[in-house]
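Okay, my_file-v5.cif is below, mmCIF, C-alpha atoms:
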```cif
data_input
loop_
_atom_site.group_PDB
_atom_site.id
_atom_site.type_symbol
_atom_site.label_atom_id
_atom_site.label_comp_id
_atom_site.auth_asym_id
_atom_site.auth_seq_id
_atom_site.Cartn_x
_atom_site.Cartn_y
_atom_site.Cartn_z
ATOM 1 C CA MET A 1276 41.451 17.268 -69.764
ATOM 2 C CA ARG A 1277 41.071 20.909 -68.918
ATOM 3 C CA SER A 1278 44.140 22.960 -67.953
ATOM 4 C CA VAL A 1279 43.919 26.179 -66.011
ATOM 5 C CA VAL A 1280 46.981 28.400 -66.080
ATOM 6 C CA GLU A 1281 47.338 31.154 -63.523
ATOM 7 C CA ALA A 1282 47.737 34.599 -65.016
ATOM 8 C CA ILE A 1283 51.308 35.629 -65.730
ATOM 9 C CA THR A 1284 52.287 37.606 -62.650
ATOM 10 C CA THR A 1285 56.030 37.182 -62.980
ATOM 11 C CA PRO A 1286 58.142 39.263 -65.359
ATOM 12 C CA GLN A 1287 57.625 38.593 -69.051
ATOM 13 C CA PRO A 1288 60.326 36.623 -70.915
ATOM 14 C CA VAL A 1289 61.143 39.634 -73.115
ATOM 15 C CA THR A 1290 61.249 43.296 -72.165
ATOM 16 C CA LEU A 1291 59.491 46.253 -73.704
ATOM 17 C CA MET A 1292 62.897 47.599 -74.742
ATOM 18 C CA GLU A 1293 63.714 44.345 -76.568
ATOM 19 C CA VAL A 1294 60.401 44.487 -78.433
ATOM 20 C CA LYS A 1295 60.922 48.135 -79.363
ATOM 21 C CA ASP A 1296 64.359 47.227 -80.709
ATOM 22 C CA GLN A 1297 62.894 44.263 -82.656
ATOM 23 C CA LEU A 1298 60.193 46.443 -84.206
ATOM 24 C CA GLY A 1299 62.388 49.504 -84.824
ATOM 25 C CA PHE A 1300 60.611 51.790 -82.353
ATOM 26 C CA ALA A 1301 62.504 54.636 -80.667
ATOM 27 C CA GLN A 1302 63.333 53.713 -77.046
ATOM 28 C CA GLY A 1303 62.253 57.142 -75.760
ATOM 29 C CA ASP A 1304 58.854 57.009 -77.484
ATOM 30 C CA SER A 1305 56.239 55.798 -74.990
ATOM 31 C CA TYR A 1306 53.177 56.342 -77.204
ATOM 32 C CA SER A 1307 52.865 52.633 -78.116
ATOM 33 C CA ASP A 1308 54.057 51.129 -74.816
ATOM 34 C CA ASP A 1309 50.631 49.847 -73.714
ATOM 35 C CA ARG A 1310 49.957 48.203 -77.079
ATOM 36 C CA LEU A 1311 53.457 46.706 -77.226
ATOM 37 C CA THR A 1312 53.082 45.348 -73.686
ATOM 38 C CA ARG A 1313 49.858 43.613 -74.787
ATOM 39 C CA LEU A 1314 51.768 42.219 -77.795
ATOM 40 C CA ILE A 1315 54.368 40.733 -75.419
ATOM 41 C CA VAL A 1316 51.639 39.008 -73.379
ATOM 42 C CA ALA A 1317 49.865 37.719 -76.502
ATOM 43 C CA ALA A 1318 53.115 36.495 -78.101
ATOM 44 C CA THR A 1319 54.139 34.759 -74.872
ATOM 45 C CA GLU A 1320 50.741 33.066 -74.562
ATOM 46 C CA GLN A 1321 51.004 31.936 -78.193
ATOM 47 C CA TRP A 1322 54.496 30.466 -77.620
ATOM 48 C CA GLU A 1323 53.331 28.633 -74.500
ATOM 49 C CA HIS A 1324 50.304 27.241 -76.309
ATOM 50 C CA ASP A 1325 52.246 26.181 -79.405
ATOM 51 C CA THR A 1326 55.074 24.512 -77.466
ATOM 52 C CA GLN A 1327 53.189 23.364 -74.348
ATOM 53 C CA SER A 1328 55.967 24.986 -72.324
ATOM 54 C CA ILE A 1329 55.715 27.633 -69.648
ATOM 55 C CA THR A 1330 58.253 30.453 -69.804
ATOM 56 C CA THR A 1331 58.069 31.689 -66.212
ATOM 57 C CA GLU A 1332 57.337 29.573 -63.145
ATOM 58 C CA ARG A 1333 53.682 29.435 -62.142
ATOM 59 C CA VAL A 1334 51.021 27.095 -60.829
ATOM 60 C CA ILE A 1335 49.017 24.967 -63.282
ATOM 61 C CA THR A 1336 45.824 23.102 -62.434
ATOM 62 C CA GLU A 1337 44.539 20.292 -64.653
ATOM 63 C CA LYS A 1338 41.069 18.845 -64.148
ATOM 64 C CA LEU A 1339 39.846 15.471 -65.387
ATOM 65 C CA PRO A 1340 36.510 13.633 -65.127
ATOM 66 C CA GLU A 1341 38.215 10.443 -63.864
ATOM 67 C CA PHE A 1342 41.596 8.910 -63.200
ATOM 68 C CA PRO A 1343 43.183 7.916 -66.494
ATOM 69 C CA PRO A 1344 44.598 4.446 -67.153
ATOM 70 C CA GLU A 1345 47.933 3.530 -65.611
ATOM 71 C CA GLU A 1346 49.756 6.623 -66.855
ATOM 72 C CA TRP A 1347 49.009 10.075 -68.126
ATOM 73 C CA ARG A 1348 50.995 13.025 -69.418
ATOM 74 C CA LEU A 1349 50.772 16.541 -68.038
ATOM 75 C CA TYR A 1350 49.981 19.195 -70.615
ATOM 76 C CA TYR A 1351 52.688 21.779 -69.857
ATOM 77 C CA ARG A 1352 56.427 21.501 -69.352
ATOM 78 C CA PRO A 1353 58.871 21.633 -67.688
ATOM 79 C CA VAL A 1354 57.445 20.252 -64.447
ATOM 80 C CA PRO A 1355 59.960 19.404 -61.731
ATOM 81 C CA ALA A 1356 57.368 17.951 -59.328
ATOM 82 C CA ILE A 1357 53.675 17.486 -58.631
ATOM 83 C CA SER A 1358 52.206 19.643 -55.844
ATOM 84 C CA SER A 1359 49.092 17.530 -55.302
ATOM 85 C CA ILE A 1360 46.538 15.231 -56.867
ATOM 86 C CA LYS A 1361 43.080 15.555 -55.376
ATOM 87 C CA TYR A 1362 39.861 13.780 -56.229
ATOM 88 C CA VAL A 1363 36.214 13.910 -55.290
ATOM 89 C CA ASP A 1364 35.181 10.544 -53.852
ATOM 90 C CA PRO A 1365 31.735 9.018 -54.512
ATOM 91 C CA THR A 1366 30.320 10.767 -51.417
ATOM 92 C CA GLY A 1367 31.372 14.216 -52.684
ATOM 93 C CA THR A 1368 34.336 14.650 -50.341
ATOM 94 C CA GLU A 1369 37.577 16.071 -51.744
ATOM 95 C CA VAL A 1370 40.506 13.794 -50.867
ATOM 96 C CA THR A 1371 44.252 14.174 -51.537
ATOM 97 C CA LEU A 1372 45.699 11.120 -53.266
ATOM 98 C CA ASN A 1373 48.592 9.620 -51.315
ATOM 99 C CA SER A 1374 51.830 10.010 -53.304
ATOM 100 C CA SER A 1375 52.598 6.308 -52.718
ATOM 101 C CA VAL A 1376 49.824 5.482 -55.214
ATOM 102 C CA TYR A 1377 51.708 7.068 -58.117
ATOM 103 C CA SER A 1378 55.159 8.035 -59.330
ATOM 104 C CA TYR A 1379 56.171 10.997 -61.460
ATOM 105 C CA ASP A 1380 58.548 10.832 -64.439
ATOM 106 C CA SER A 1381 59.640 14.467 -64.866
ATOM 107 C CA ALA A 1382 61.616 13.829 -68.082
ATOM 108 C CA ASN A 1383 58.441 12.708 -69.862
ATOM 109 C CA ARG A 1384 55.990 14.654 -67.627
ATOM 110 C CA GLN A 1385 54.082 11.433 -66.988
ATOM 111 C CA ILE A 1386 52.273 10.252 -63.888
ATOM 112 C CA HIS A 1387 52.383 6.455 -63.510
ATOM 113 C CA LEU A 1388 50.297 4.248 -61.285
ATOM 114 C CA ALA A 1389 52.657 2.582 -58.787
ATOM 115 C CA ASN A 1390 53.019 -1.216 -58.858
ATOM 116 C CA GLY A 1391 50.262 -3.000 -56.988
ATOM 117 C CA GLN A 1392 48.193 0.203 -56.657
ATOM 118 C CA SER A 1393 44.835 1.203 -58.092
ATOM 119 C CA TYR A 1394 43.115 4.529 -58.302
ATOM 120 C CA PRO A 1395 40.139 5.117 -56.019
ATOM 121 C CA SER A 1396 36.597 5.553 -57.317
ATOM 122 C CA VAL A 1397 35.501 9.107 -58.034
ATOM 123 C CA GLN A 1398 32.210 10.920 -58.252
ATOM 124 C CA GLN A 1399 30.963 11.367 -61.817
ATOM 125 C CA ARG A 1400 31.693 14.998 -62.711
ATOM 126 C CA TRP A 1401 33.907 16.871 -65.165
ATOM 127 C CA ASP A 1402 36.349 17.956 -62.434
ATOM 128 C CA ALA A 1403 36.558 14.810 -60.307
ATOM 129 C CA VAL A 1404 40.377 14.733 -60.410
ATOM 130 C CA THR A 1405 42.555 17.833 -59.942
ATOM 131 C CA ILE A 1406 46.321 17.840 -60.485
ATOM 132 C CA GLU A 1407 48.232 20.886 -59.307
ATOM 133 C CA TYR A 1408 51.843 21.471 -60.288
ATOM 134 C CA THR A 1409 54.367 24.215 -60.854
ATOM 135 C CA ALA A 1410 55.669 24.518 -64.393
ATOM 136 C CA GLY A 1411 58.202 26.825 -65.960
ATOM 137 C CA VAL A 1412 61.863 27.679 -65.939
ATOM 138 C CA SER A 1413 63.996 30.117 -63.999
ATOM 139 C CA VAL A 1414 66.188 30.820 -67.044
ATOM 140 C CA ILE A 1415 64.271 31.296 -70.278
ATOM 141 C CA PRO A 1416 65.842 29.596 -73.320
ATOM 142 C CA GLU A 1417 67.135 32.043 -75.918
ATOM 143 C CA ILE A 1418 65.119 30.283 -78.638
ATOM 144 C CA ALA A 1419 61.934 31.078 -76.691
ATOM 145 C CA LYS A 1420 62.913 34.741 -76.399
ATOM 146 C CA GLN A 1421 63.679 34.939 -80.117
ATOM 147 C CA ALA A 1422 60.379 33.269 -81.056
ATOM 148 C CA ILE A 1423 58.415 35.621 -78.788
ATOM 149 C CA LEU A 1424 60.157 38.631 -80.345
ATOM 150 C CA VAL A 1425 59.398 37.286 -83.828
ATOM 151 C CA GLN A 1426 55.772 36.686 -82.823
ATOM 152 C CA CYS A 1427 55.562 40.312 -81.592
ATOM 153 C CA ASP A 1428 56.826 41.273 -85.042
ATOM 154 C CA VAL A 1429 54.134 39.063 -86.654
ATOM 155 C CA LEU A 1430 51.393 40.577 -84.510
ATOM 156 C CA GLU A 1431 52.581 44.086 -85.283
ATOM 157 C CA GLU A 1432 52.745 43.320 -89.018
ATOM 158 C CA LEU A 1433 49.220 41.907 -88.981
ATOM 159 C CA ARG A 1434 48.013 45.440 -88.234
ATOM 160 C CA GLY A 1435 48.864 46.342 -91.818
ATOM 161 C CA THR A 1436 50.021 44.593 -94.954
ATOM 162 C CA THR A 1437 53.651 43.862 -95.692
ATOM 163 C CA LYS A 1438 55.473 41.657 -98.141
ATOM 164 C CA GLU A 1439 57.545 40.139 -95.333
ATOM 165 C CA LYS A 1440 54.562 38.924 -93.267
ATOM 166 C CA ASP A 1441 54.601 35.333 -94.596
ATOM 167 C CA ALA A 1442 58.368 35.026 -94.137
ATOM 168 C CA THR A 1443 58.101 36.281 -90.541
ATOM 169 C CA ILE A 1444 55.313 33.812 -89.760
ATOM 170 C CA ARG A 1445 57.404 30.961 -91.231
ATOM 171 C CA LEU A 1446 60.382 32.051 -89.096
ATOM 172 C CA TYR A 1447 58.259 31.856 -85.938
ATOM 173 C CA GLU A 1448 56.882 28.427 -86.922
ATOM 174 C CA ASN A 1449 60.414 27.159 -87.608
ATOM 175 C CA LEU A 1450 61.560 28.289 -84.142
ATOM 176 C CA VAL A 1451 58.592 26.487 -82.538
ATOM 177 C CA THR A 1452 59.355 23.306 -84.514
ATOM 178 C CA ARG A 1453 63.037 23.427 -83.554
ATOM 179 C CA PHE A 1454 62.172 23.834 -79.858
ATOM 180 C CA GLN A 1455 59.745 20.870 -79.956
ATOM 181 C CA ARG A 1456 62.370 18.488 -81.351
ATOM 182 C CA SER A 1457 63.521 16.107 -78.658
ATOM 183 C CA SER A 1458 67.143 16.707 -79.678
ATOM 184 C CA TYR A 1459 67.011 20.442 -78.871
ATOM 185 C CA PRO A 1460 69.166 21.164 -75.798
#
```
Would you mind giving the structure from this file in structure tokens?
Amino acid sequence: MRSVVEAITTPQPVTLMEVKDQLGFAQGDSYSDDRLTRLIVAATEQWEHDTQSITTERVITEKLPEFPPEEWRLYYRPVPAISSIKYVDPTGTEVTLNSSVYSYDSANRQIHLANGQSYPSVQQRWDAVTIEYTAGVSVIPEIAKQAILVQCDVLEELRGTTKEKDATIRLYENLVTRFQRSSYP
């Protein structure tokens, strides 16, 4: 499966001021703003990759070479609903799959084949099936914000050598692990 995430066009989950505070930069100093803004984007992308969660709502497209067995799981979360599932039929025509053919379990981000249904045949190609959905949250969890700030700290520390680098990396990894637990709120 190949996922394509649209570029982050919505506001970042943490602000430049929050990152400056985390790193001990003076708020009035704008010399490092461009670099720190890039750190925010990189840290956010790392969080989203590590947790398979999207911090701000945006459109995701997943492409598959064929319809999977009776169920399959979407890569990113949270996903309130599926926008569309399209496929390329054996003649090369793109067709939208009728939503009566499948059901969506948002809690587990799984698409299930509906009872008595079967998936249509597709043309053999790497992108024969395309699922489009919106993922993300309107209110970013505080644990995500903290992990992104810590990751900005890690990225900043990697520019030089510090004794605290390993401890900071472990802190970030612990936040990711805590968020991935099914018991986390």
Q) Distance CA of Cys1427 (chain A)-CA of Ile1315 (chain A), one decimal place? A) 6.3 Å
Q.
With all atoms listed in the file as the counted atoms, please give the residues lying no more than 9 Å from Lys1295 (chain A), apart from itself and same-chain residues fewer than 6 positions off, as a VMD selection string.
A. chain A and resid 1301 to 1302 1308 1311
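Computed from the coordinates, the CA of Met1292 (chain A) to CA of Leu1430 (chain A) distance equals 16.6 Å.
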Where is the centre and how long are the edges: axis-aligned box on region 1305-1322 of chain A, 3 Å on each side, Å to one decimal, as lines of an AutoDock Vina configuration file:
```
center_x = 53.0
center_y = 43.4
center_z = -75.8
size_x = 12.4
size_y = 31.9
size_z = 10.8
```
Q. To one decimal place, how far is CA of Gln1421 (chain A) from CA of Phe1300 (chain A) in Å?
A. 17.3 Å
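Nearest to Val1397 (chain A) of all the residues A:Leu1433, A:Val1451, A:Val1334, A:Val1370 is A:Val1370, counting only C-alpha atoms.
Residue selection for this entry, given the PyMOL selection byres ((chain A and resi 1316-1323) around 8), comprises A:Gln1287, A:Pro1288, A:Thr1312, A:Arg1313, A:Leu1314, A:Ile1315, A:His1324, A:Asp1325, A:Thr1326, A:Gln1327, A:Ser1328, A:Ile1329, A:Thr1330, A:Ala1419, A:Ala1422, A:Ile1423, A:Leu1424, A:Gln1426, A:Cys1427, A:Leu1430, A:Val1451.
If all atoms listed in the file are the atoms counted, then among A:Ser1305, A:Ser1359, A:Pro1343, A:Pro1286 the closest residue to Ile1406 (chain A) is A:Ser1359.
Each of A:Thr1331, A:Thr1336, A:Asn1390, A:Thr1405 was compared to Ser1375 (chain A) using all atoms listed in the file, and A:Asn1390 turns out to be the nearest.
Using only C-alpha atoms, the residues found no farther than 10 Å from Tyr1379 (chain A), other than those of its own chain fewer than 2 positions away, are Glu1346, Trp1347, Arg1348, Val1354, Pro1355, Ala1356, Ile1357, Ser1374, Tyr1377, Ser1381, Ala1382, Asn1383, Arg1384, Gln1385, Ile1386, His1387, Leu1388 and Ala1389 of chain A.
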Set the distance at 7 Å and use all atoms listed in the file: which residues neighbour Glu1332 (chain A) once local chain neighbours fewer than 5 positions away are removed? I'd like the list as a PDB file with C-alpha atoms, in the frame of the given file.
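out25.pdb was written with the following content:
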```
ATOM      1  CA  THR A1409      54.367  24.215 -60.854  1.00  0.00           C
ATOM      2  CA  ALA A1410      55.669  24.518 -64.393  1.00  0.00           C
ATOM      3  CA  GLY A1411      58.202  26.825 -65.960  1.00  0.00           C
ATOM      4  CA  VAL A1412      61.863  27.679 -65.939  1.00  0.00           C
ATOM      5  CA  SER A1413      63.996  30.117 -63.999  1.00  0.00           C
TER       6      SER A1413
END
```
Q) Residues picked by the PyMOL selection byres ((chain A and resi 1341) around 10) here, as a list in words? A) Met1276, Lys1338, Leu1339, Pro1340, Phe1342, Pro1343, Pro1344, Tyr1362, Val1363, Tyr1394, Pro1395, Ser1396, Val1397, Gln1398, Gln1399, Arg1400, Trp1401, Asp1402, Ala1403, Val1404 and Thr1405 of chain A
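You can rank A:Asp1380, A:Asp1309, A:Val1425, A:Thr1366 by their closest distance to Arg1352 (chain A) using only C-alpha atoms, and at the top of that list sits A:Asp1380.
Nearest residue to Ile1360 (chain A), choosing from A:Glu1345, A:Glu1407, A:Glu1337, A:Glu1448 and counting all atoms listed in the file: A:Glu1407.
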